[in-house]
$ cat protein28.cif   # mmCIF, C-alpha atoms
data_protein
loop_
_atom_site.label_atom_id
_atom_site.label_comp_id
_atom_site.auth_asym_id
_atom_site.auth_seq_id
_atom_site.Cartn_x
_atom_site.Cartn_y
_atom_site.Cartn_z
CA MET X 269 -34.18 1.20 -0.31
CA ILE X 270 -33.54 -2.55 -0.30
CA LEU X 271 -36.00 -3.01 -3.17
CA GLN X 272 -34.37 -0.13 -5.04
CA CYS X 273 -30.88 -1.59 -4.64
CA ALA X 274 -32.16 -5.06 -5.48
CA VAL X 275 -33.52 -3.82 -8.81
CA LEU X 276 -30.42 -1.79 -9.63
CA PHE X 277 -27.94 -4.55 -8.81
CA ALA X 278 -30.12 -7.15 -10.51
CA PHE X 279 -29.73 -5.23 -13.76
CA LEU X 280 -25.99 -4.91 -13.23
CA ALA X 281 -25.84 -8.65 -12.58
CA ILE X 282 -27.84 -9.33 -15.75
CA GLY X 283 -25.37 -7.14 -17.62
CA GLU X 284 -22.51 -9.20 -16.18
CA LEU X 285 -24.32 -12.37 -17.21
CA VAL X 286 -24.75 -11.13 -20.78
CA VAL X 287 -21.04 -10.28 -21.00
CA TRP X 288 -20.09 -13.64 -19.47
CA LEU X 289 -22.31 -15.60 -21.84
CA THR X 290 -21.53 -13.74 -25.07
CA GLY X 291 -18.04 -12.39 -24.40
CA ILE X 292 -18.90 -9.08 -26.11
CA PRO X 293 -16.41 -6.29 -25.36
CA VAL X 294 -19.06 -3.92 -23.90
CA PRO X 295 -19.09 -3.09 -20.16
CA SER X 296 -21.79 -4.85 -18.14
CA SER X 297 -22.95 -1.51 -16.72
CA ILE X 298 -23.86 -0.16 -20.18
CA ILE X 299 -25.83 -3.33 -20.94
CA GLY X 300 -27.54 -3.07 -17.54
CA MET X 301 -28.47 0.53 -18.26
CA LEU X 302 -30.02 -0.30 -21.64
CA LEU X 303 -31.91 -3.28 -20.19
CA LEU X 304 -33.17 -1.17 -17.27
CA ALA X 305 -34.55 1.46 -19.66
CA ALA X 306 -36.14 -1.31 -21.76
CA ALA X 307 -37.68 -3.01 -18.70
CA LEU X 308 -39.14 0.32 -17.53
CA LYS X 309 -40.56 0.90 -21.00
CA MET X 310 -42.15 -2.56 -21.15
CA ARG X 311 -43.51 -2.09 -17.62
CA VAL X 312 -41.67 -5.13 -16.28
CA ILE X 313 -40.22 -2.76 -13.70
CA ARG X 314 -42.08 0.17 -12.19
CA LEU X 315 -40.30 3.51 -12.04
CA MET X 316 -41.06 3.86 -8.29
CA TRP X 317 -39.10 0.68 -7.60
CA VAL X 318 -35.83 2.17 -8.73
CA ASP X 319 -36.06 5.97 -9.09
CA GLY X 320 -34.90 6.79 -5.55
CA VAL X 321 -31.50 5.15 -5.67
CA ALA X 322 -31.10 5.91 -9.38
CA ASP X 323 -31.70 9.63 -8.92
CA PHE X 324 -29.29 9.68 -5.98
CA LEU X 325 -26.52 8.00 -7.98
CA VAL X 326 -27.11 10.09 -11.11
CA ARG X 327 -27.07 13.34 -9.12
CA ASN X 328 -23.70 12.44 -7.58
CA LEU X 329 -22.12 10.80 -10.61
CA GLY X 330 -19.06 13.05 -10.58
CA PHE X 331 -18.06 12.06 -7.05
CA PHE X 332 -17.62 8.39 -8.00
CA PHE X 333 -14.85 9.41 -10.42
CA VAL X 334 -12.62 10.91 -7.73
CA PRO X 335 -10.66 7.73 -6.85
CA ALA X 336 -10.09 6.96 -10.55
CA GLY X 337 -8.82 10.51 -10.96
CA VAL X 338 -6.45 10.11 -8.04
CA GLY X 339 -5.01 7.20 -10.09
CA LEU X 340 -3.30 9.97 -12.06
CA ILE X 341 -0.61 9.70 -9.39
CA LYS X 342 0.48 6.41 -10.99
CA CYS X 343 1.51 8.05 -14.27
CA LEU X 344 2.82 11.43 -13.12
CA GLY X 345 6.18 10.67 -14.75
CA LEU X 346 4.66 9.88 -18.13
CA ILE X 347 2.40 12.93 -17.99
CA LYS X 348 5.35 15.14 -17.05
CA ALA X 349 7.32 13.85 -20.04
CA GLU X 350 4.52 14.25 -22.59
CA TRP X 351 2.17 16.77 -21.00
CA LEU X 352 1.90 19.04 -24.03
CA PRO X 353 0.55 16.51 -26.55
CA ILE X 354 -1.67 14.92 -23.89
CA VAL X 355 -3.26 18.18 -22.76
CA ALA X 356 -3.46 19.85 -26.18
CA ALA X 357 -4.88 16.78 -27.91
CA SER X 358 -7.51 16.24 -25.20
CA VAL X 359 -8.61 19.88 -25.14
CA ILE X 360 -8.76 20.29 -28.92
CA SER X 361 -10.48 16.97 -29.40
CA THR X 362 -13.09 17.79 -26.74
CA PHE X 363 -13.90 21.02 -28.58
CA VAL X 364 -14.07 19.15 -31.92
CA ILE X 365 -16.47 16.54 -30.52
CA LEU X 366 -18.76 19.11 -28.93
CA ALA X 367 -18.97 21.12 -32.13
CA VAL X 368 -19.22 18.24 -34.61
CA THR X 369 -21.80 16.27 -32.62
CA GLY X 370 -23.91 19.37 -32.03
CA TRP X 371 -23.70 20.62 -35.62
CA VAL X 372 -24.50 17.26 -37.20
CA HIS X 373 -27.45 16.83 -34.88
CA GLN X 374 -28.84 20.30 -35.55
CA ILE X 375 -28.38 20.02 -39.31
CA SER X 376 -29.66 16.46 -39.73
CA ARG X 377 -32.65 17.21 -37.52
CA ARG X 378 -33.54 20.12 -39.78
CA ILE X 379 -33.17 17.94 -42.88
CA VAL X 380 -35.22 15.07 -41.43
CA SER X 381 -37.99 17.36 -40.24
CA SER X 382 -38.13 19.25 -43.55
CA VAL X 383 -38.25 15.96 -45.46
CA SER X 384 -41.05 14.62 -43.27
CA SER X 385 -42.98 17.92 -43.35
CA SER X 386 -42.76 18.11 -47.15
CA HIS X 387 -43.86 14.50 -47.17
CA HIS X 388 -46.88 15.48 -45.06
CA ALA X 389 -47.61 18.39 -47.38
CA VAL X 390 -47.58 16.06 -50.39
CA SER X 391 -49.79 13.50 -48.74
CA ARG X 392 -52.26 16.20 -47.75
CA GLU X 393 -52.65 17.44 -51.32
CA MET P 101 2.35 7.62 10.37
CA PRO P 102 0.70 4.24 9.75
CA TYR P 103 -2.76 5.47 10.78
CA LEU P 104 -2.86 7.65 7.67
CA GLU P 105 -2.80 4.43 5.64
CA ASN P 106 -5.98 3.15 7.29
CA LYS P 107 -8.49 2.54 4.50
CA TYR P 108 -11.47 3.91 6.42
CA PHE P 109 -9.53 7.07 7.17
CA LEU P 110 -8.72 7.44 3.45
CA LEU P 111 -12.36 6.77 2.56
CA ALA P 112 -13.59 9.36 5.04
CA LEU P 113 -10.96 11.80 3.80
CA THR P 114 -12.22 11.43 0.22
CA PHE P 115 -15.79 12.27 1.31
CA VAL P 116 -14.70 15.21 3.46
CA VAL P 117 -12.41 16.67 0.78
CA PHE P 118 -15.15 16.43 -1.84
CA LEU P 119 -17.71 17.97 0.50
CA ALA P 120 -15.35 20.84 1.30
CA ALA P 121 -14.61 21.35 -2.41
CA LYS P 122 -18.33 21.43 -3.16
CA LEU P 123 -19.01 23.97 -0.41
CA LEU P 124 -16.10 26.09 -1.64
CA GLN P 125 -17.53 26.14 -5.16
CA ARG P 126 -20.99 27.01 -3.87
CA ARG P 127 -19.58 29.85 -1.76
CA THR P 128 -17.41 31.33 -4.50
CA GLY P 129 -19.60 30.43 -7.49
CA LEU P 130 -16.48 29.87 -9.59
CA ALA P 131 -16.84 27.21 -12.32
CA LEU P 132 -13.05 26.91 -12.29
CA LEU P 133 -13.15 25.40 -8.80
CA ASN P 134 -14.63 22.15 -10.05
CA PRO P 135 -15.13 19.96 -6.97
CA ILE P 136 -14.03 16.76 -8.73
CA MET P 137 -10.81 18.33 -10.00
CA LEU P 138 -10.12 20.09 -6.72
CA SER P 139 -10.65 16.87 -4.74
CA ILE P 140 -8.30 14.94 -7.01
CA ILE P 141 -5.58 17.57 -6.69
CA VAL P 142 -5.92 17.82 -2.91
CA LEU P 143 -5.91 14.04 -2.48
CA ILE P 144 -2.89 13.59 -4.75
CA CYS P 145 -0.98 16.27 -2.83
CA PHE P 146 -1.93 14.57 0.42
CA LEU P 147 -0.78 11.14 -0.80
CA LEU P 148 2.52 12.57 -2.06
CA ALA P 149 3.13 14.52 1.16
CA ALA P 150 2.29 11.57 3.40
CA ASP P 151 4.19 9.18 1.10
CA ILE P 152 1.21 6.87 0.61
CA ASP P 153 1.12 4.85 -2.61
CA TYR P 154 -1.95 4.51 -4.82
CA GLU P 155 -2.55 0.85 -3.93
CA THR P 156 -2.91 1.81 -0.27
CA TYR P 157 -5.30 4.64 -1.16
CA SER P 158 -7.28 2.26 -3.38
CA ALA P 159 -8.12 0.05 -0.41
CA GLY P 160 -10.42 2.89 0.68
CA GLY P 161 -11.09 4.50 -2.70
CA ASP P 162 -12.34 1.24 -4.18
CA TYR P 163 -15.48 1.53 -2.04
CA ILE P 164 -16.35 4.68 -3.98
CA ASP P 165 -15.06 3.37 -7.29
CA PHE P 166 -17.37 0.39 -6.81
CA TRP P 167 -20.44 2.64 -7.27
CA LEU P 168 -19.39 3.71 -10.77
CA LYS P 169 -20.94 0.62 -12.34
CA PRO P 170 -24.30 0.81 -10.53
CA ALA P 171 -24.33 4.57 -11.25
CA VAL P 172 -24.01 3.89 -14.98
CA VAL P 173 -26.86 1.35 -14.72
CA ALA P 174 -28.89 4.06 -12.95
CA LEU P 175 -28.58 6.24 -16.08
CA GLY P 176 -31.23 3.90 -17.51
CA VAL P 177 -33.83 5.93 -15.57
CA PRO P 178 -33.25 9.32 -17.25
CA LEU P 179 -32.89 7.43 -20.52
CA TYR P 180 -36.33 5.84 -20.02
CA ARG P 181 -37.90 9.19 -19.12
CA GLN P 182 -36.78 10.65 -22.48
CA LEU P 183 -37.53 7.62 -24.62
CA GLU P 184 -40.32 9.30 -26.60
CA ALA P 185 -38.13 12.26 -27.54
CA ILE P 186 -35.32 9.89 -28.51
CA LYS P 187 -37.57 7.80 -30.74
CA LYS P 188 -38.69 10.90 -32.62
CA GLN P 189 -35.15 11.79 -33.64
CA LEU P 190 -33.33 8.53 -33.81
CA ILE P 191 -31.71 9.25 -37.19
CA PRO P 192 -30.30 12.70 -36.30
CA ILE P 193 -29.03 11.29 -33.01
CA LEU P 194 -27.25 8.33 -34.61
CA MET P 195 -25.72 10.51 -37.33
CA ALA P 196 -24.48 13.05 -34.76
CA GLU P 197 -22.99 10.30 -32.62
CA LEU P 198 -21.22 8.63 -35.52
CA ALA P 199 -19.74 11.94 -36.66
CA GLY P 200 -18.74 12.94 -33.12
CA CYS P 201 -17.14 9.58 -32.42
CA VAL P 202 -15.03 9.50 -35.58
CA ALA P 203 -14.05 13.18 -35.32
CA GLY P 204 -13.14 12.72 -31.67
CA ILE P 205 -10.86 9.73 -32.13
CA ALA P 206 -9.24 11.12 -35.27
CA SER P 207 -8.62 14.57 -33.76
CA VAL P 208 -7.07 13.35 -30.52
CA VAL P 209 -4.80 10.89 -32.36
CA LEU P 210 -3.69 13.38 -35.01
CA VAL P 211 -3.01 16.27 -32.62
CA ALA P 212 -1.11 14.05 -30.19
CA ARG P 213 0.98 12.58 -33.01
CA LEU P 214 1.66 16.01 -34.49
CA LEU P 215 2.96 17.23 -31.12
CA GLY P 216 5.28 14.26 -30.82
CA ALA P 217 3.52 11.91 -28.42
CA SER P 218 4.88 8.38 -28.23
CA ARG P 219 2.93 5.49 -29.72
CA GLU P 220 1.75 4.16 -26.32
CA VAL P 221 0.47 7.60 -25.32
CA VAL P 222 -1.38 8.09 -28.63
CA LEU P 223 -3.05 4.69 -28.26
CA SER P 224 -3.97 5.50 -24.64
CA LEU P 225 -5.63 8.76 -25.69
CA ALA P 226 -7.81 7.34 -28.49
CA SER P 227 -10.72 6.41 -26.22
CA LYS P 228 -10.42 9.37 -23.86
CA SER P 229 -13.99 10.64 -24.33
CA VAL P 230 -15.89 7.57 -23.18
CA THR P 231 -16.60 6.44 -19.67
CA THR P 232 -13.70 4.85 -17.71
CA PRO P 233 -14.65 1.15 -17.86
CA ILE P 234 -15.14 1.24 -21.64
CA ALA P 235 -12.08 3.39 -22.24
CA MET P 236 -9.78 1.19 -20.16
CA GLU P 237 -11.10 -1.89 -21.87
CA ILE P 238 -10.36 -0.39 -25.31
CA THR P 239 -6.88 0.77 -24.32
CA ALA P 240 -5.98 -2.63 -22.93
CA SER P 241 -7.14 -4.31 -26.12
CA ILE P 242 -5.13 -2.03 -28.45
CA GLY P 243 -1.95 -2.02 -26.38
CA GLY P 244 -1.99 1.35 -24.63
CA ILE P 245 -1.46 2.21 -20.95
CA SER P 246 -4.73 1.73 -19.04
CA ALA P 247 -3.72 3.86 -16.04
CA LEU P 248 -2.97 6.80 -18.32
CA THR P 249 -6.31 6.34 -20.07
CA ALA P 250 -8.16 6.38 -16.74
CA ALA P 251 -6.45 9.62 -15.74
CA VAL P 252 -7.01 11.32 -19.10
CA VAL P 253 -10.65 10.16 -19.21
CA VAL P 254 -11.39 11.73 -15.84
CA CYS P 255 -9.55 14.95 -16.76
CA THR P 256 -11.36 15.16 -20.10
CA GLY P 257 -14.68 14.70 -18.32
CA ILE P 258 -13.87 17.44 -15.83
CA PHE P 259 -12.66 19.80 -18.54
CA GLY P 260 -15.73 19.09 -20.68
CA GLY P 261 -18.02 19.60 -17.72
CA MET P 262 -16.40 22.93 -16.88
CA ALA P 263 -15.92 24.41 -20.33
CA GLY P 264 -18.38 22.43 -22.46
CA PHE P 265 -21.35 24.77 -22.43
CA ARG P 266 -19.13 27.78 -23.08
CA MET P 267 -17.45 25.98 -26.00
CA MET P 268 -20.85 25.10 -27.46
CA ARG P 269 -22.00 28.69 -27.21
CA MET P 270 -18.84 29.66 -29.13
CA SER P 271 -19.51 27.07 -31.84
CA ARG P 272 -23.24 27.84 -32.06
CA VAL P 273 -24.54 24.52 -30.81
CA LYS P 274 -27.81 25.82 -29.43
CA SER P 275 -30.59 23.25 -29.17
CA PRO P 276 -30.93 21.63 -25.74
CA ILE P 277 -30.94 18.14 -27.26
CA ALA P 278 -27.80 18.81 -29.30
CA GLN P 279 -26.08 20.32 -26.26
CA GLY P 280 -26.98 17.34 -24.07
CA LEU P 281 -25.85 14.83 -26.69
CA SER P 282 -22.57 16.66 -27.26
CA MET P 283 -21.78 16.79 -23.56
CA GLY P 284 -22.28 13.06 -23.14
CA THR P 285 -20.30 12.33 -26.31
CA ALA P 286 -17.32 14.51 -25.41
CA ALA P 287 -17.23 14.20 -21.63
CA HIS P 288 -19.06 10.97 -20.67
CA ALA P 289 -20.54 10.68 -17.16
CA VAL P 290 -18.76 13.71 -15.72
CA GLY P 291 -20.15 15.84 -18.55
CA THR P 292 -23.53 14.24 -17.93
CA SER P 293 -23.45 15.30 -14.32
CA ALA P 294 -22.70 18.87 -15.47
CA ALA P 295 -25.56 18.61 -17.98
CA MET P 296 -27.88 17.36 -15.20
CA ASP P 297 -27.09 20.57 -13.31
CA VAL P 298 -28.35 22.59 -16.27
CA GLY P 299 -31.54 20.57 -16.65
CA TYR P 300 -32.92 17.06 -16.50
CA ARG P 301 -33.56 16.94 -20.25
CA TYR P 302 -29.95 17.93 -20.98
CA GLY P 303 -28.78 15.21 -18.61
CA ALA P 304 -30.96 12.54 -20.19
CA PHE P 305 -29.67 13.27 -23.70
CA SER P 306 -26.17 13.44 -22.32
CA SER P 307 -26.52 9.91 -20.92
CA LEU P 308 -27.75 8.83 -24.34
CA GLY P 309 -24.69 10.48 -25.90
CA LEU P 310 -22.30 8.72 -23.55
CA THR P 311 -23.96 5.36 -24.23
CA ILE P 312 -23.97 5.54 -28.01
CA ASN P 313 -20.50 7.05 -28.16
CA GLY P 314 -19.28 4.33 -25.79
CA LEU P 315 -20.61 1.64 -28.09
CA PHE P 316 -19.36 3.33 -31.29
CA THR P 317 -15.94 4.00 -29.79
CA ALA P 318 -15.58 0.40 -28.62
CA LEU P 319 -16.48 -0.82 -32.09
CA LEU P 320 -14.66 1.77 -34.24
CA THR P 321 -11.42 2.62 -32.41
CA PRO P 322 -9.31 -0.26 -33.80
CA PHE P 323 -10.64 0.46 -37.30
CA ILE P 324 -9.97 4.21 -37.16
CA LEU P 325 -6.49 3.67 -35.72
CA SER P 326 -5.55 1.30 -38.50
CA MET P 327 -6.84 3.84 -41.06
CA LEU P 328 -4.55 6.40 -39.43
CA GLY P 329 -1.63 4.06 -39.96
CA TYR P 330 -1.35 2.24 -36.63
CA GLN P 331 -0.72 -1.48 -36.80
CA LEU P 332 -2.29 -3.00 -33.69
#

$ encode --input "protein28.cif" --output "structure tokens"
Amino acid sequence: MILQCAVLFAFLAIGELVVWLTGIPVPSSIIGMLLLAAALKMRVIRLMWVDGVADFLVRNLGFFFVPAGVGLIKCLGLIKAEWLPIVAASVISTFVILAVTGWVHQISRRIVSSVSSSHHAVSRE
Amino acid sequence: MPYLENKYFLLALTFVVFLAAKLLQRRTGLALLNPIMLSIIVLICFLLAADIDYETYSAGGDYIDFWLKPAVVALGVPLYRQLEAIKKQLIPILMAELAGCVAGIASVVLVARLLGASREVVLSLASKSVTTPIAMEITASIGGISALTAAVVVCTGIFGGMAGFRMMRMSRVKSPIAQGLSMGTAAHAVGTSAAMDVGYRYGAFSSLGLTINGLFTALLTPFILSMLGYQL
């Protein structure tokens, strides 16, 4: 468990370092995540060194959002005053994102695979 | 009662409330009783009833909040496990993410404006689909209210996690990869945890969706807002 946490926090710390050095406006955790995946791919890190703690955290991801959600208490007044636009815009936009992302992926995947399969057909001839 | 303001009590309370909410959902099998949402409501009611302010609660809650960052780093593991599948469809994935990001920001801004939201609220909503640290960072940089963003981000995640798969069935988003990507794009880490419940592959693509959308949103939000007529 110590090794697992050491690896995980090392990548978070590297993410912090990258942000500190470059000043890019991307959270350190996202950089740490990308670097962790890259390190696993390049076999710098072995999966068994980190999968225990990682699987635990990923399985319980939702729980870690509870305190941030309780922060809603700080803007109850604002939400009360403008609840309709806030709720309607969030709900509609969530539906739009789900549909648009899914559609574009399904359609562009079909186009890419038909282009590459016709390409294969040509090269076979 | 000053004991109720003890940070370890508040920390323990958060665990117990979440555990109870989870058991309740398992017993009843109702998707509507989302344990995250239920815990937030119960804790807010408790804080209001006991007249405890958020800063006092945070002294305990921060210990849980702290794990958000390492948990996002941990998403590197499912990402790594799906790397081959991702490589095969890099172009469709990037196109879907770009479209989802732009459509998401534009739709939330336009609907909120149409319904008469104030400028600060509109700006605070723009980044509502990406994970809290990114979203709050964006809101702070464009002049919105970070606390409102944090609240809306969590609520959007919960809503997406609860209703997302039903909405995708309605809009004929069928492939597992597209569904995973969409969940992560629309509902960040909370949606990803819902996608993980459906299957590991869904969860892995959802974490990819939240990452790419996080990056795109951080880069594109100021640009899209200025195209929609907001001077930042």

$ resolve_selection --input "protein28.cif" --expression "the PyMOL selection byres ((chain X and resi 368) around 8)" --output "JSON, numbers by chain"
{"X": [364, 365, 366, 367, 369, 370, 371, 372], "P": [196, 199, 200, 203]}

$ write_last_selection --input "protein28.cif" --atoms "C-alpha atoms" --output "short mmCIF file (atom, residue, chain, number, x, y, z; two decimals), in the frame of the given file"
data_model
loop_
_atom_site.label_atom_id
_atom_site.label_comp_id
_atom_site.auth_asym_id
_atom_site.auth_seq_id
_atom_site.Cartn_x
_atom_site.Cartn_y
_atom_site.Cartn_z
CA VAL X 364 -14.07 19.15 -31.92
CA ILE X 365 -16.47 16.54 -30.52
CA LEU X 366 -18.76 19.11 -28.93
CA ALA X 367 -18.97 21.12 -32.13
CA THR X 369 -21.80 16.27 -32.62
CA GLY X 370 -23.91 19.37 -32.03
CA TRP X 371 -23.70 20.62 -35.62
CA VAL X 372 -24.50 17.26 -37.20
CA ALA P 196 -24.48 13.05 -34.76
CA ALA P 199 -19.74 11.94 -36.66
CA GLY P 200 -18.74 12.94 -33.12
CA ALA P 203 -14.05 13.18 -35.32
#

$ atom_distance --input "protein28.cif" --atom1 "CA of Ala212 (chain P)" --atom2 "CA of Pro353 (chain X)"
4.7 Å

$ residues_around --input "protein28.cif" --residues "Tyr180 (chain P)" --least-positions-apart "5" --cutoff "12 Å" --atoms "only C-alpha atoms" --output "PyMOL selection string"
(chain X and resi 301-311+313-315+318-319+322) or (chain P and resi 173-175+185-187+301+304-305+307-308)

$ write_last_selection --input "protein28.cif" --atoms "C-alpha atoms" --output "mmCIF file, in the coordinates of the input"
data_model
loop_
_atom_site.group_PDB
_atom_site.id
_atom_site.type_symbol
_atom_site.label_atom_id
_atom_site.label_comp_id
_atom_site.auth_asym_id
_atom_site.auth_seq_id
_atom_site.Cartn_x
_atom_site.Cartn_y
_atom_site.Cartn_z
ATOM 1 C CA MET X 301 -28.470 0.530 -18.260
ATOM 2 C CA LEU X 302 -30.020 -0.300 -21.640
ATOM 3 C CA LEU X 303 -31.910 -3.280 -20.190
ATOM 4 C CA LEU X 304 -33.170 -1.170 -17.270
ATOM 5 C CA ALA X 305 -34.550 1.460 -19.660
ATOM 6 C CA ALA X 306 -36.140 -1.310 -21.760
ATOM 7 C CA ALA X 307 -37.680 -3.010 -18.700
ATOM 8 C CA LEU X 308 -39.140 0.320 -17.530
ATOM 9 C CA LYS X 309 -40.560 0.900 -21.000
ATOM 10 C CA MET X 310 -42.150 -2.560 -21.150
ATOM 11 C CA ARG X 311 -43.510 -2.090 -17.620
ATOM 12 C CA ILE X 313 -40.220 -2.760 -13.700
ATOM 13 C CA ARG X 314 -42.080 0.170 -12.190
ATOM 14 C CA LEU X 315 -40.300 3.510 -12.040
ATOM 15 C CA VAL X 318 -35.830 2.170 -8.730
ATOM 16 C CA ASP X 319 -36.060 5.970 -9.090
ATOM 17 C CA ALA X 322 -31.100 5.910 -9.380
ATOM 18 C CA VAL P 173 -26.860 1.350 -14.720
ATOM 19 C CA ALA P 174 -28.890 4.060 -12.950
ATOM 20 C CA LEU P 175 -28.580 6.240 -16.080
ATOM 21 C CA ALA P 185 -38.130 12.260 -27.540
ATOM 22 C CA ILE P 186 -35.320 9.890 -28.510
ATOM 23 C CA LYS P 187 -37.570 7.800 -30.740
ATOM 24 C CA ARG P 301 -33.560 16.940 -20.250
ATOM 25 C CA ALA P 304 -30.960 12.540 -20.190
ATOM 26 C CA PHE P 305 -29.670 13.270 -23.700
ATOM 27 C CA SER P 307 -26.520 9.910 -20.920
ATOM 28 C CA LEU P 308 -27.750 8.830 -24.340
#

$ atom_distance --input "protein28.cif" --atom1 "CA of Leu319 (chain P)" --atom2 "CA of Leu179 (chain P)"
21.7 Å

$ interface_residues --input "protein28.cif" --of "chain P" --to "chain X" --cutoff "7 Å" --atoms "all atoms listed in the file" --output "PyMOL selection string"
chain P and resi 136+139-140+143-144+154+161+164-165+167-177+179-180+192-193+195-197+199-200+203-204+207-208+211-212+215-217+233-234+247-248+250-251+254+256+260+267-268+271+273+278-279+282-283+286+289-290+293+311

$ closest_residue --input "protein28.cif" --among "P:Leu138, P:Gly280, P:Leu210, P:Leu110" --to "Leu123 (chain P)" --atoms "only C-alpha atoms"
P:Leu138

$ atom_distance --input "protein28.cif" --atom1 "CA of Trp288 (chain X)" --atom2 "CA of Gly309 (chain P)"
25.4 Å

$ residues_around --input "protein28.cif" --residues "Thr156 (chain P)" --least-positions-apart "2" --cutoff "9 Å" --atoms "only C-alpha atoms" --output "PyMOL selection string"
chain P and resi 105-107+110+152-154+158-161

$ closest_residue --input "protein28.cif" --among "P:Ala263, P:Gly284, P:Leu225, P:Val202" --to "Phe316 (chain P)" --atoms "all atoms listed in the file"
P:Val202

$ closest_residue --input "protein28.cif" --among "P:Leu310, P:Ala131, P:Met270, P:Ile191" --to "Thr231 (chain P)" --atoms "all atoms listed in the file"
P:Leu310

$ axis_aligned_box --input "protein28.cif" --around "region 125-143 of chain P" --padding-each-side "8 Å" --output "AutoDock Vina command-line options"
--center_x -13.3 --center_y 22.7 --center_z -7.0 --size_x 31.4 --size_y 33.3 --size_z 26.6

$ residues_around --input "protein28.cif" --residues "Gln125 (chain P)" --least-positions-apart "6" --cutoff "8 Å" --atoms "all atoms listed in the file" --output "tab-separated table (two decimals) with C-alpha atoms, in the coordinates of the input"
chain	number	residue	atom	x	y	z
P	131	ALA	CA	-16.84	27.21	-12.32
P	133	LEU	CA	-13.15	25.40	-8.80
P	134	ASN	CA	-14.63	22.15	-10.05
P	135	PRO	CA	-15.13	19.96	-6.97

$ residues_around --input "protein28.cif" --residues "Tyr330 (chain P)" --least-positions-apart "3" --cutoff "12 Å" --atoms "all atoms listed in the file" --output "number ranges by chain"
P: 206, 209-210, 213, 219-220, 222-223, 226, 242-243, 321-327
